[in-house]
Every structure is written in structure tokens, then in C-alpha cells.
$ cat my_file_5.cif   # mmCIF, C-alpha atoms and all ligand atoms
data_coords
#
loop_
_atom_site.label_atom_id
_atom_site.label_comp_id
_atom_site.auth_asym_id
_atom_site.auth_seq_id
_atom_site.Cartn_x
_atom_site.Cartn_y
_atom_site.Cartn_z
CA MET A 11 -21.45 9.70 -29.31
CA LYS A 12 -18.58 7.49 -28.22
CA ILE A 13 -18.40 5.28 -25.12
CA ASP A 14 -15.49 5.97 -22.79
CA ARG A 15 -16.17 3.58 -19.91
CA ILE A 16 -18.24 0.44 -19.26
CA GLU A 17 -18.98 -0.65 -15.68
CA THR A 18 -20.88 -3.84 -14.87
CA TYR A 19 -22.68 -4.80 -11.67
CA ILE A 20 -24.18 -7.95 -10.23
CA LEU A 21 -26.68 -7.21 -7.47
CA LYS A 22 -28.16 -9.89 -5.22
CA VAL A 23 -30.69 -9.92 -2.39
CA PRO A 24 -31.33 -13.17 -0.48
CA LEU A 25 -35.05 -13.56 0.22
CA GLY A 26 -34.73 -15.72 3.34
CA SER A 27 -38.14 -16.72 4.63
CA GLU A 28 -39.80 -14.73 1.79
CA ARG A 29 -38.52 -17.16 -0.88
CA PHE A 30 -41.22 -18.43 -3.20
CA PHE A 31 -41.91 -20.87 -6.03
CA SER A 32 -43.21 -20.71 -9.58
CA SER A 33 -44.10 -23.84 -11.53
CA GLN A 34 -40.45 -24.02 -12.62
CA ALA A 35 -38.21 -23.05 -9.76
CA GLU A 36 -37.64 -21.87 -6.23
CA PHE A 37 -36.67 -18.22 -5.87
CA PRO A 38 -34.30 -17.96 -2.89
CA GLU A 39 -32.92 -14.59 -4.02
CA ARG A 40 -33.42 -11.70 -6.42
CA ASN A 41 -30.58 -10.70 -8.69
CA SER A 42 -29.95 -8.20 -11.44
CA PHE A 43 -27.18 -7.56 -13.92
CA LEU A 44 -26.73 -3.85 -14.59
CA VAL A 45 -24.46 -1.98 -16.96
CA LYS A 46 -23.39 1.66 -16.67
CA LEU A 47 -22.04 3.37 -19.79
CA THR A 48 -20.20 6.68 -19.63
CA SER A 49 -19.79 8.62 -22.87
CA THR A 50 -16.71 10.65 -23.78
CA ASP A 51 -18.70 13.81 -22.98
CA GLY A 52 -19.42 12.54 -19.47
CA LEU A 53 -23.06 11.42 -19.79
CA VAL A 54 -24.19 8.19 -18.10
CA GLY A 55 -26.63 5.52 -19.36
CA TRP A 56 -28.00 2.51 -17.46
CA GLY A 57 -29.14 -0.85 -18.77
CA GLU A 58 -30.19 -4.25 -17.42
CA GLY A 59 -29.82 -7.70 -18.96
CA GLY A 60 -31.35 -11.10 -18.22
CA GLN A 61 -34.14 -12.18 -15.91
CA TYR A 62 -34.36 -15.57 -14.17
CA GLY A 63 -30.92 -16.96 -14.97
CA PRO A 64 -27.59 -16.33 -13.27
CA ALA A 65 -26.14 -12.86 -13.85
CA GLU A 66 -22.49 -13.96 -14.00
CA PRO A 67 -22.41 -15.29 -17.60
CA VAL A 68 -24.20 -12.15 -18.85
CA LYS A 69 -21.59 -9.99 -17.13
CA THR A 70 -18.77 -12.01 -18.71
CA CYS A 71 -20.28 -11.49 -22.18
CA VAL A 72 -20.19 -7.73 -21.65
CA ASP A 73 -16.82 -7.59 -19.91
CA GLU A 74 -14.94 -9.95 -22.22
CA VAL A 75 -16.64 -9.91 -25.63
CA LEU A 76 -19.17 -7.17 -26.32
CA GLY A 77 -17.73 -4.35 -24.21
CA PRO A 78 -14.38 -4.13 -26.02
CA LYS A 79 -16.25 -4.05 -29.37
CA LEU A 80 -18.49 -1.22 -28.14
CA LEU A 81 -15.55 0.81 -26.82
CA ALA A 82 -13.92 0.61 -30.25
CA MET A 83 -16.95 1.98 -32.12
CA PRO A 84 -16.62 5.65 -33.16
CA ASP A 85 -20.43 6.14 -33.13
CA ALA A 86 -22.27 4.24 -30.38
CA ALA A 87 -25.80 4.82 -31.72
CA PRO A 88 -28.08 1.98 -30.52
CA GLY A 89 -29.06 0.66 -33.95
CA LEU A 90 -25.48 0.64 -35.23
CA VAL A 91 -24.24 -1.09 -32.10
CA TRP A 92 -27.00 -3.71 -32.12
CA GLU A 93 -26.37 -4.83 -35.70
CA THR A 94 -22.60 -4.81 -35.20
CA LEU A 95 -22.71 -6.90 -32.00
CA TYR A 96 -25.31 -9.31 -33.39
CA ALA A 97 -23.24 -9.90 -36.53
CA HIS A 98 -20.19 -10.51 -34.33
CA THR A 99 -21.97 -13.07 -32.12
CA ARG A 100 -24.39 -14.67 -34.62
CA ASP A 101 -22.43 -17.90 -35.01
CA PHE A 102 -22.39 -18.60 -31.26
CA GLY A 103 -25.18 -16.36 -29.94
CA GLN A 104 -28.64 -15.82 -31.48
CA LYS A 105 -30.51 -16.66 -28.24
CA GLY A 106 -29.80 -16.71 -24.53
CA THR A 107 -26.91 -15.11 -22.69
CA TYR A 108 -25.39 -13.10 -25.54
CA ILE A 109 -28.72 -11.49 -26.42
CA GLU A 110 -29.34 -10.71 -22.74
CA ALA A 111 -25.95 -8.98 -22.60
CA MET A 112 -26.79 -7.05 -25.79
CA SER A 113 -30.14 -6.09 -24.21
CA ALA A 114 -28.34 -4.45 -21.28
CA LEU A 115 -26.01 -2.48 -23.54
CA ASP A 116 -28.86 -1.47 -25.86
CA ILE A 117 -31.07 -0.14 -23.04
CA ALA A 118 -28.10 1.84 -21.68
CA LEU A 119 -27.40 3.27 -25.13
CA TRP A 120 -31.02 4.44 -25.51
CA ASP A 121 -30.82 6.02 -22.05
CA LEU A 122 -27.58 7.73 -23.06
CA THR A 123 -28.94 8.89 -26.43
CA GLY A 124 -32.01 10.35 -24.77
CA LYS A 125 -29.86 12.19 -22.28
CA SER A 126 -27.56 13.55 -24.99
CA LEU A 127 -30.59 14.88 -26.93
CA GLY A 128 -32.57 15.94 -23.84
CA VAL A 129 -35.64 13.80 -24.59
CA PRO A 130 -37.23 10.67 -23.08
CA VAL A 131 -36.65 7.29 -24.75
CA SER A 132 -40.38 7.18 -25.63
CA THR A 133 -39.92 10.34 -27.73
CA LEU A 134 -36.98 8.73 -29.52
CA MET A 135 -39.15 5.68 -30.21
CA GLY A 136 -41.65 7.79 -32.11
CA GLY A 137 -43.63 9.58 -29.43
CA ARG A 138 -45.87 9.07 -26.45
CA PHE A 139 -49.39 7.75 -26.65
CA ARG A 140 -49.76 8.01 -22.85
CA ASP A 141 -47.96 9.55 -19.86
CA SER A 142 -49.12 6.84 -17.44
CA VAL A 143 -49.70 3.14 -17.89
CA ARG A 144 -52.27 0.89 -16.21
CA ALA A 145 -50.36 -1.55 -14.02
CA TYR A 146 -51.15 -5.15 -13.30
CA GLY A 147 -49.76 -6.67 -10.14
CA THR A 148 -47.93 -9.99 -10.37
CA GLY A 149 -48.24 -12.16 -7.29
CA GLY A 150 -49.97 -15.32 -6.18
CA TYR A 151 -46.78 -17.34 -6.17
CA TYR A 152 -46.47 -20.54 -4.15
CA THR A 153 -44.95 -20.43 -0.69
CA SER A 154 -44.32 -24.20 -0.72
CA THR A 155 -44.63 -27.18 -3.03
CA THR A 156 -47.45 -28.72 -1.00
CA PHE A 157 -51.06 -27.62 -0.92
CA ASP A 158 -53.39 -27.10 1.99
CA PRO A 159 -56.85 -26.58 0.48
CA VAL A 160 -57.96 -24.41 3.38
CA ALA A 161 -54.93 -22.49 4.66
CA ASP A 162 -53.23 -21.96 1.29
CA VAL A 163 -56.42 -20.80 -0.43
CA ALA A 164 -57.16 -18.39 2.41
CA ALA A 165 -53.60 -17.00 2.29
CA LEU A 166 -53.83 -16.51 -1.47
CA GLN A 167 -57.14 -14.68 -1.16
CA THR A 168 -55.69 -12.43 1.56
CA GLU A 169 -52.65 -11.65 -0.58
CA MET A 170 -54.75 -10.73 -3.60
CA GLU A 171 -57.15 -8.63 -1.53
CA ARG A 172 -54.15 -6.78 -0.10
CA TYR A 173 -52.93 -5.85 -3.61
CA ALA A 174 -56.43 -4.76 -4.61
CA SER A 175 -56.62 -2.51 -1.54
CA THR A 176 -53.54 -0.60 -2.80
CA GLY A 177 -55.32 0.39 -6.02
CA PHE A 178 -54.74 -2.45 -8.44
CA THR A 179 -57.66 -3.29 -10.72
CA MET A 180 -55.76 -6.03 -12.54
CA LEU A 181 -53.78 -8.89 -10.97
CA LYS A 182 -51.93 -11.97 -12.15
CA VAL A 183 -51.77 -15.26 -10.25
CA LYS A 184 -49.41 -18.18 -10.76
CA ILE A 185 -50.53 -21.66 -11.76
CA GLY A 186 -48.82 -24.85 -12.89
CA LEU A 187 -46.96 -26.09 -9.81
CA LEU A 188 -49.85 -28.20 -8.51
CA PRO A 189 -52.23 -30.73 -10.08
CA VAL A 190 -54.84 -29.02 -12.27
CA ARG A 191 -57.66 -29.67 -9.81
CA GLN A 192 -55.79 -27.93 -6.97
CA ASP A 193 -54.75 -24.96 -9.11
CA ALA A 194 -58.35 -24.70 -10.32
CA ALA A 195 -59.41 -24.36 -6.68
CA ARG A 196 -56.91 -21.50 -6.24
CA ILE A 197 -58.20 -19.76 -9.40
CA THR A 198 -61.82 -20.08 -8.32
CA ALA A 199 -60.96 -18.73 -4.86
CA VAL A 200 -59.19 -15.67 -6.27
CA ARG A 201 -62.20 -14.84 -8.46
CA LYS A 202 -64.50 -15.24 -5.47
CA ALA A 203 -62.32 -12.96 -3.33
CA LEU A 204 -62.03 -10.13 -5.86
CA GLY A 205 -65.45 -10.23 -7.52
CA ASP A 206 -66.64 -10.44 -11.10
CA ASP A 207 -65.52 -6.97 -12.20
CA PHE A 208 -61.84 -7.45 -11.36
CA SER A 209 -59.38 -8.15 -14.21
CA LEU A 210 -57.56 -11.40 -13.58
CA LEU A 211 -54.67 -13.02 -15.43
CA ALA A 212 -52.92 -16.38 -14.94
CA ASP A 213 -49.36 -17.51 -15.66
CA ALA A 214 -48.34 -21.18 -15.94
CA ASN A 215 -44.64 -20.51 -16.75
CA HIS A 216 -44.94 -23.25 -19.43
CA ALA A 217 -45.82 -26.03 -16.98
CA TYR A 218 -48.24 -27.93 -19.22
CA ASN A 219 -48.43 -29.91 -22.41
CA ALA A 220 -51.17 -28.76 -24.78
CA SER A 221 -53.91 -31.11 -23.56
CA THR A 222 -53.35 -30.25 -19.89
CA ALA A 223 -53.21 -26.54 -20.76
CA VAL A 224 -56.62 -26.80 -22.43
CA LEU A 225 -57.98 -28.57 -19.35
CA MET A 226 -56.65 -25.79 -17.08
CA GLY A 227 -57.81 -23.17 -19.53
CA ARG A 228 -61.45 -24.30 -19.14
CA THR A 229 -61.33 -23.10 -15.53
CA LEU A 230 -59.75 -19.79 -16.59
CA GLU A 231 -62.51 -19.35 -19.17
CA ARG A 232 -65.23 -20.16 -16.68
CA GLU A 233 -63.80 -17.66 -14.17
CA GLY A 234 -63.49 -14.92 -16.80
CA PHE A 235 -59.69 -14.65 -16.85
CA GLU A 236 -58.38 -12.27 -19.49
CA LEU A 237 -54.97 -13.79 -20.14
CA PHE A 238 -53.38 -17.25 -20.01
CA GLU A 239 -49.61 -16.82 -20.01
CA GLU A 240 -47.08 -19.41 -21.18
CA PRO A 241 -49.44 -22.41 -21.19
CA VAL A 242 -46.82 -24.64 -22.86
CA PRO A 243 -43.01 -24.57 -23.34
CA PRO A 244 -41.77 -21.82 -25.65
CA GLU A 245 -40.35 -24.27 -28.20
CA ASP A 246 -43.74 -25.99 -28.63
CA ARG A 247 -45.30 -23.68 -31.21
CA GLU A 248 -47.77 -26.28 -32.40
CA GLY A 249 -48.87 -26.74 -28.79
CA TYR A 250 -49.35 -22.99 -28.42
CA ALA A 251 -51.45 -22.86 -31.58
CA ARG A 252 -53.50 -25.85 -30.44
CA VAL A 253 -54.22 -24.26 -27.03
CA ARG A 254 -55.04 -20.92 -28.64
CA ALA A 255 -57.48 -22.56 -31.07
CA ALA A 256 -59.18 -24.53 -28.31
CA LEU A 257 -59.71 -21.72 -25.78
CA ASP A 258 -61.48 -18.37 -25.74
CA VAL A 259 -59.18 -16.92 -23.06
CA PRO A 260 -56.43 -14.87 -24.79
CA ILE A 261 -53.07 -16.67 -24.93
CA ALA A 262 -49.89 -14.77 -24.02
CA GLY A 263 -46.18 -15.56 -24.13
CA GLY A 264 -42.76 -14.46 -25.25
CA GLU A 265 -40.67 -13.80 -22.14
CA ALA A 266 -38.39 -16.69 -23.11
CA GLU A 267 -38.09 -15.71 -26.78
CA TYR A 268 -35.32 -13.66 -28.37
CA THR A 269 -34.91 -11.10 -31.15
CA ARG A 270 -37.10 -10.27 -34.13
CA PHE A 271 -36.11 -13.60 -35.66
CA GLY A 272 -37.48 -15.64 -32.78
CA PHE A 273 -40.65 -13.54 -32.58
CA ARG A 274 -41.14 -13.75 -36.36
CA ASP A 275 -41.61 -17.50 -35.94
CA PHE A 276 -43.48 -17.25 -32.60
CA ILE A 277 -45.97 -14.70 -33.93
CA GLY A 278 -46.07 -16.28 -37.38
CA GLY A 279 -46.86 -19.65 -35.82
CA GLY A 280 -50.14 -18.26 -34.50
CA CYS A 281 -48.98 -18.91 -30.94
CA VAL A 282 -50.32 -15.88 -29.08
CA ASP A 283 -52.89 -13.10 -28.85
CA ILE A 284 -50.67 -11.06 -26.51
CA VAL A 285 -46.93 -10.77 -27.21
CA GLN A 286 -44.73 -10.46 -24.11
CA PRO A 287 -41.12 -9.66 -24.99
CA ASP A 288 -38.88 -9.02 -22.00
CA ILE A 289 -36.88 -5.91 -22.95
CA CYS A 290 -33.89 -7.09 -20.87
CA VAL A 291 -33.94 -10.45 -22.66
CA CYS A 292 -35.23 -10.04 -26.23
CA GLY A 293 -32.49 -7.68 -27.39
CA GLY A 294 -33.36 -4.38 -25.71
CA ILE A 295 -35.35 -1.39 -26.88
CA SER A 296 -33.98 -1.58 -30.44
CA GLU A 297 -35.31 -5.10 -30.81
CA VAL A 298 -38.60 -4.63 -28.95
CA MET A 299 -39.50 -1.94 -31.49
CA LYS A 300 -39.07 -4.44 -34.32
CA ILE A 301 -40.98 -7.12 -32.41
CA SER A 302 -43.78 -4.60 -31.79
CA ALA A 303 -43.91 -3.87 -35.50
CA LEU A 304 -44.32 -7.59 -36.24
CA ALA A 305 -47.15 -7.74 -33.68
CA SER A 306 -48.77 -4.55 -34.95
CA ALA A 307 -49.05 -5.95 -38.47
CA ARG A 308 -51.30 -8.67 -37.04
CA ASN A 309 -53.20 -6.47 -34.57
CA LEU A 310 -51.68 -8.40 -31.70
CA ARG A 311 -51.29 -6.72 -28.33
CA VAL A 312 -47.81 -6.13 -26.86
CA VAL A 313 -47.44 -6.28 -23.09
CA PRO A 314 -43.75 -6.35 -22.16
CA HIS A 315 -42.70 -8.87 -19.52
CA VAL A 316 -41.03 -7.05 -16.60
CA TRP A 317 -39.23 -8.88 -13.82
CA GLY A 318 -36.02 -7.08 -12.94
CA SER A 319 -34.88 -3.97 -11.11
CA GLY A 320 -36.07 -0.37 -11.35
CA ILE A 321 -34.05 -0.08 -14.59
CA ALA A 322 -36.07 -2.89 -16.23
CA LEU A 323 -39.30 -1.28 -15.03
CA SER A 324 -38.31 2.15 -16.33
CA ALA A 325 -37.47 0.66 -19.75
CA GLY A 326 -40.86 -1.10 -19.74
CA LEU A 327 -42.66 2.14 -18.98
CA GLN A 328 -40.93 4.05 -21.77
CA VAL A 329 -41.80 1.28 -24.24
CA CYS A 330 -45.44 1.02 -23.04
CA SER A 331 -45.76 4.78 -23.41
CA ALA A 332 -44.72 4.57 -27.07
CA LEU A 333 -46.86 1.59 -28.15
CA PRO A 334 -50.01 2.35 -30.17
CA LEU A 335 -53.40 0.87 -29.39
CA ALA A 336 -53.88 -2.57 -30.94
CA PRO A 337 -56.14 -1.93 -32.72
CA PHE A 338 -57.13 1.73 -32.49
CA ALA A 339 -60.40 2.46 -30.76
CA TYR A 340 -61.81 5.81 -29.67
CA GLU A 341 -61.71 4.76 -26.01
CA PRO A 342 -58.57 2.91 -24.87
CA VAL A 343 -59.33 -0.13 -22.71
CA PRO A 344 -56.36 -1.45 -20.68
CA LEU A 345 -55.22 -4.87 -21.91
CA GLN A 346 -58.13 -5.11 -24.39
CA ASN A 347 -56.36 -2.73 -26.77
CA GLU A 348 -54.05 -0.62 -24.60
CA PRO A 349 -50.65 -1.77 -23.26
CA VAL A 350 -50.40 -2.44 -19.54
CA ILE A 351 -47.25 -2.63 -17.42
CA GLU A 352 -46.31 -5.63 -15.31
CA PHE A 353 -45.68 -4.50 -11.71
CA ASP A 354 -44.24 -7.46 -9.81
CA ARG A 355 -45.34 -7.48 -6.16
CA THR A 356 -42.95 -10.09 -4.75
CA ARG A 357 -40.18 -8.77 -2.53
CA ASN A 358 -37.46 -7.10 -4.57
CA PRO A 359 -35.39 -4.26 -3.05
CA LEU A 360 -33.66 -3.92 -6.43
CA ARG A 361 -36.99 -2.73 -7.84
CA ASP A 362 -38.08 -0.67 -4.84
CA GLU A 363 -34.80 0.83 -3.59
CA LEU A 364 -32.50 1.16 -6.62
CA LEU A 365 -33.92 4.40 -8.02
CA THR A 366 -33.80 7.73 -6.22
CA THR A 367 -37.53 8.07 -6.99
CA PRO A 368 -39.19 4.62 -6.81
CA PHE A 369 -42.21 3.86 -8.96
CA THR A 370 -45.53 3.90 -7.16
CA LEU A 371 -49.12 3.17 -8.07
CA GLN A 372 -51.48 6.12 -8.56
CA ASP A 373 -55.11 5.24 -9.27
CA GLY A 374 -53.97 1.88 -10.60
CA ARG A 375 -51.47 3.45 -13.00
CA VAL A 376 -47.73 4.16 -12.99
CA LEU A 377 -46.43 7.49 -14.30
CA VAL A 378 -43.90 7.33 -17.14
CA PRO A 379 -40.87 9.48 -16.22
CA GLY A 380 -40.66 12.61 -18.37
CA GLY A 381 -36.95 13.32 -17.99
CA PRO A 382 -34.29 12.58 -20.62
CA GLY A 383 -33.47 8.96 -21.46
CA LEU A 384 -35.12 6.49 -19.10
CA GLY A 385 -35.82 9.45 -16.82
CA VAL A 386 -34.50 7.77 -13.66
CA GLU A 387 -31.49 8.12 -11.36
CA VAL A 388 -29.72 5.23 -9.64
CA ASN A 389 -29.13 5.50 -5.90
CA PRO A 390 -25.37 4.81 -5.43
CA ASP A 391 -25.89 3.62 -1.83
CA THR A 392 -28.34 0.90 -2.94
CA LEU A 393 -25.97 -0.12 -5.70
CA GLU A 394 -23.11 -0.69 -3.27
CA ARG A 395 -25.34 -2.30 -0.61
CA TYR A 396 -26.43 -5.16 -2.89
CA ARG A 397 -23.39 -5.43 -5.13
CA VAL A 398 -21.66 -8.83 -5.16
CA GLY A 399 -19.74 -8.58 -8.43
MG MG B 401 -44.51 -15.14 -17.00
#

$ encode --input "my_file_5.cif" --output "C-alpha cells"
Amino acid sequence: MKIDRIETYILKVPLGSERFFSSQAEFPERNSFLVKLTSTDGLVGWGEGGQYGPAEPVKTCVDEVLGPKLLAMPDAAPGLVWETLYAHTRDFGQKGTYIEAMSALDIALWDLTGKSLGVPVSTLMGGRFRDSVRAYGTGGYYTSTTFDPVADVAALQTEMERYASTGFTMLKVKIGLLPVRQDAARITAVRKALGDDFSLLADANHAYNASTAVLMGRTLEREGFELFEEPVPPEDREGYARVRAALDVPIAGGEAEYTRFGFRDFIGGGCVDIVQPDICVCGGISEVMKISALASARNLRVVPHVWGSGIALSAGLQVCSALPLAPFAYEPVPLQNEPVIEFDRTRNPLRDELLTTPFTLQDGRVLVPGGPGLGVEVNPDTLERYRVG
């Protein structure tokens, strides 16, 4: 398979009054960087690269550096391309923008390879363990940087109850923007609203140092939370290990880590119980397979981080379909040993309108497309509507 044409797209949607905050940033818009590869035999593959950062530098990496290399390769098989591009960019890449650009190309190449062979990506990865994946809804962001202990808590409870009414049995709420005592009040209120049997997760987006994370984690433990995501900054591996040793709530992280080399040290440092590579960031499907192997050797769970468009979500579903239980048990239990898929609930037309058949929740699960490659089609009207570059 040889690549004949590379097209790159930057899509943006201003959020207006629906902007929101995490512990790290305001989100005034949603954006995605997409790549479309066309092979010499006329097949098309789609990929996505990057998550929170600006899309423009990722696009430049593809347009100016990686794309010409890919076009010159006589055999554009994903593994061959990945190693070639990584070797080419090692001295100035390794993490960040270049790996995000490689992620986009890699996902598109797996989509293309699946289409050329007539099988889903999950089959190429080794086979499907499941045709649908339990979804957890991500929400509970902040609508402002101030805190009203009555109105804000009530609004958060209403938001979470609304998600639960659509079939979710597992939800994630944001923490870390406010003082620990105020975020603890939000956590306690969410548990009270949804009841003791509901699966709840919390994400600090690395807002804490280790001692503050442990303090916050005591509330998560008391309220029976099943995951504490990014308690400390990704570079602070000793902090991660300290938090993990101090708390019973499982520690998760990895959305800001790159490649098998980064995850070798992250996993090897005893940082996490649940490994969360972002497929559009960590190096694509080729690299997430290697990261999953590192995790599997330690019986760690892999729950890919998903934030982007319908392309990112479709890649996440194919990967989740092909991940084994960690460890095997006769009855799979979502999150306890079975992969779950992150299903962001904040406004994002690039997730909900980009594909001709959008993903929906059915009995708390999302079906994994069974068609060749990623198994999805991009709606050209949506692409043009939100395209800015
Ligand atoms: Mg996160």
C-alpha cells in the first residue's frame, strides 16, 4: 500500500456561553486536527492527532515534515511508517507535537489497512474480546472559577442526574480548580445525588502536589470513588507513587504521556493502577498496543483517554474492543477488569456531528463498529462547516 495524497484539516467550534473550565484551563472552543490519507488504489483512511493544545503546530508537522516522508515510502504499513518517522524525528521530537502528528498518521494508516483487507482495526490488533464497551460519561466541569456552595452544588447534581437518566452507570467528575474543602463538598453531593451503587470517578487534571492529592483522595475513598485521575503533574513520578501508596482508591493517569518509552518509565515507576494513553497523543494505535503490552505484564488496567472528535472515539472503541481483561476473570466487570470507554458529555459537535452515524449509548454501552478499518464515515458537510484550516 502506497499513499498518494495527504489532506489535513483543522476544525473549530466556539462554545460561546457553554465554555467551561478544568483545573488547568478555560475551554472557549473545541478543536480537532484531522488527517485524510488516500492510497494509490483510491482507499481513504482518517486519523486525528492531539487533544488540548492548538491544532496548528500538529498540522505543520504533517504538512511540512512527516507527510513528505510518508508519501515517499513504497510500503505505508503502520509499523514501518511509525519506526521510520520516529527515527527521523527522534533528535527533536520524542514527546509533544511530533508524536501527536505521528498519532494522526498512524490511526489513518490503520484505518486504511483495515479497509484494504476488509476487516476492522480490532481484528488487525489481534481480535475482539467484545463488540460493545461500557461507557463512562465525562462531565462535572466548572462553569466558573468561583464557587456558590448552594447553587453550584445543585447544578452539578442536576447535571449528573441528567447523564444517569440517559443510561450511564458510570460517571466522571472534575476536581482540582477549587480549594480541597469546596471540591470535597461537590464530590459528596454527587455521591448523594446518584446513590451508593453508582460508579463514580474523579479527575484532578494534575492540580495537586502529593500531600494535597492524598488529602483530596481521603474524600474520594470515603465516597467510594473507583478512580482518581491525574492527582499530580505527569512529570512527578515520585509524587504519583506516594499518592498511590497512601490511598486505596485506584490511581489513573497517562493522557499527557507519550510513546512506549514514556510509559515504560511511568508504569515502571509504580505511578498508576489504571493506564490512560490517549491514542491521538501517545503515538497512535501502533504505540497503544505496545503500551498495553507493558501494562498487561503488570496486570494493570488500560482505559484509553478520549477527548477529540468522532475519529478519536472510533479509534478508542476499536482499541477497547481488542484489549484483554486485566486480569482474566470468568465474569468481566467494567473498570474492575474490563476496559471502559470515555464518552465526553461536554458540548462537542465534532464528536456528535462529524460521523455519518454518530455514536450513541445503548444500555450504558457503545457498540464497536464492525465495518472495515475504524468502521466509520466522515460527513463532508460537517467537515466543511467547521473547517478553519
Ligand atoms: Mg483527564

$ residues_near_point --input "my_file_5.cif" --point "(-29.2, -11.2, -5.5)" --cutoff "10 Å" --atoms "all atoms listed in the file" --output "number ranges by chain"
A: 20-25, 38-43, 64-65, 358-360, 396-398

$ residues_near_ligand --input "my_file_5.cif" --ligand "ligand MG 401 (chain B)" --cutoff "10 Å" --atoms "all atoms listed in the file" --output "PyMOL selection string"
chain A and resi 32+148+182-184+212-216+238-241+262-266+286+288+315-317+352

$ closest_residue --input "my_file_5.cif" --among "A:Ile289, A:Ala220, A:Val190, A:Leu181" --to "Leu204 of chain A" --atoms "only C-alpha atoms"
A:Leu181

$ closest_atom_pairs --input "my_file_5.cif" --of "segment 130-246 of chain A" --to "segment 337-345 of chain A" --cutoff "12 Å" --atoms "all atoms listed in the file" --output "tab-separated table"
residue	atom	partner	partner_atom	distance
A:Phe139	CA	A:Pro342	CA	10.5
A:Arg140	CA	A:Pro342	CA	10.4
A:Ser142	CA	A:Pro344	CA	11.5
A:Val143	CA	A:Pro344	CA	8.6
A:Arg144	CA	A:Pro344	CA	6.5
A:Ala145	CA	A:Pro344	CA	9.0
A:Tyr146	CA	A:Leu345	CA	9.5
A:Thr179	CA	A:Pro344	CA	10.2
A:Met180	CA	A:Pro344	CA	9.4
A:Leu181	CA	A:Leu345	CA	11.7
A:Ser209	CA	A:Leu345	CA	9.3
A:Leu210	CA	A:Leu345	CA	10.8
A:Leu211	CA	A:Leu345	CA	10.4
A:Phe235	CA	A:Leu345	CA	11.9
A:Glu236	CA	A:Leu345	CA	8.4
A:Leu237	CA	A:Leu345	CA	9.1

$ closest_residue --input "my_file_5.cif" --among "A:Val75, A:Val68, A:Met83, A:Met170" --to "Lys12 of chain A" --atoms "only C-alpha atoms"
A:Met83

$ closest_residue --input "my_file_5.cif" --among "A:Ala87, A:Leu365, A:Cys330, A:Leu225" --to "Pro390 of chain A" --atoms "all atoms listed in the file"
A:Leu365
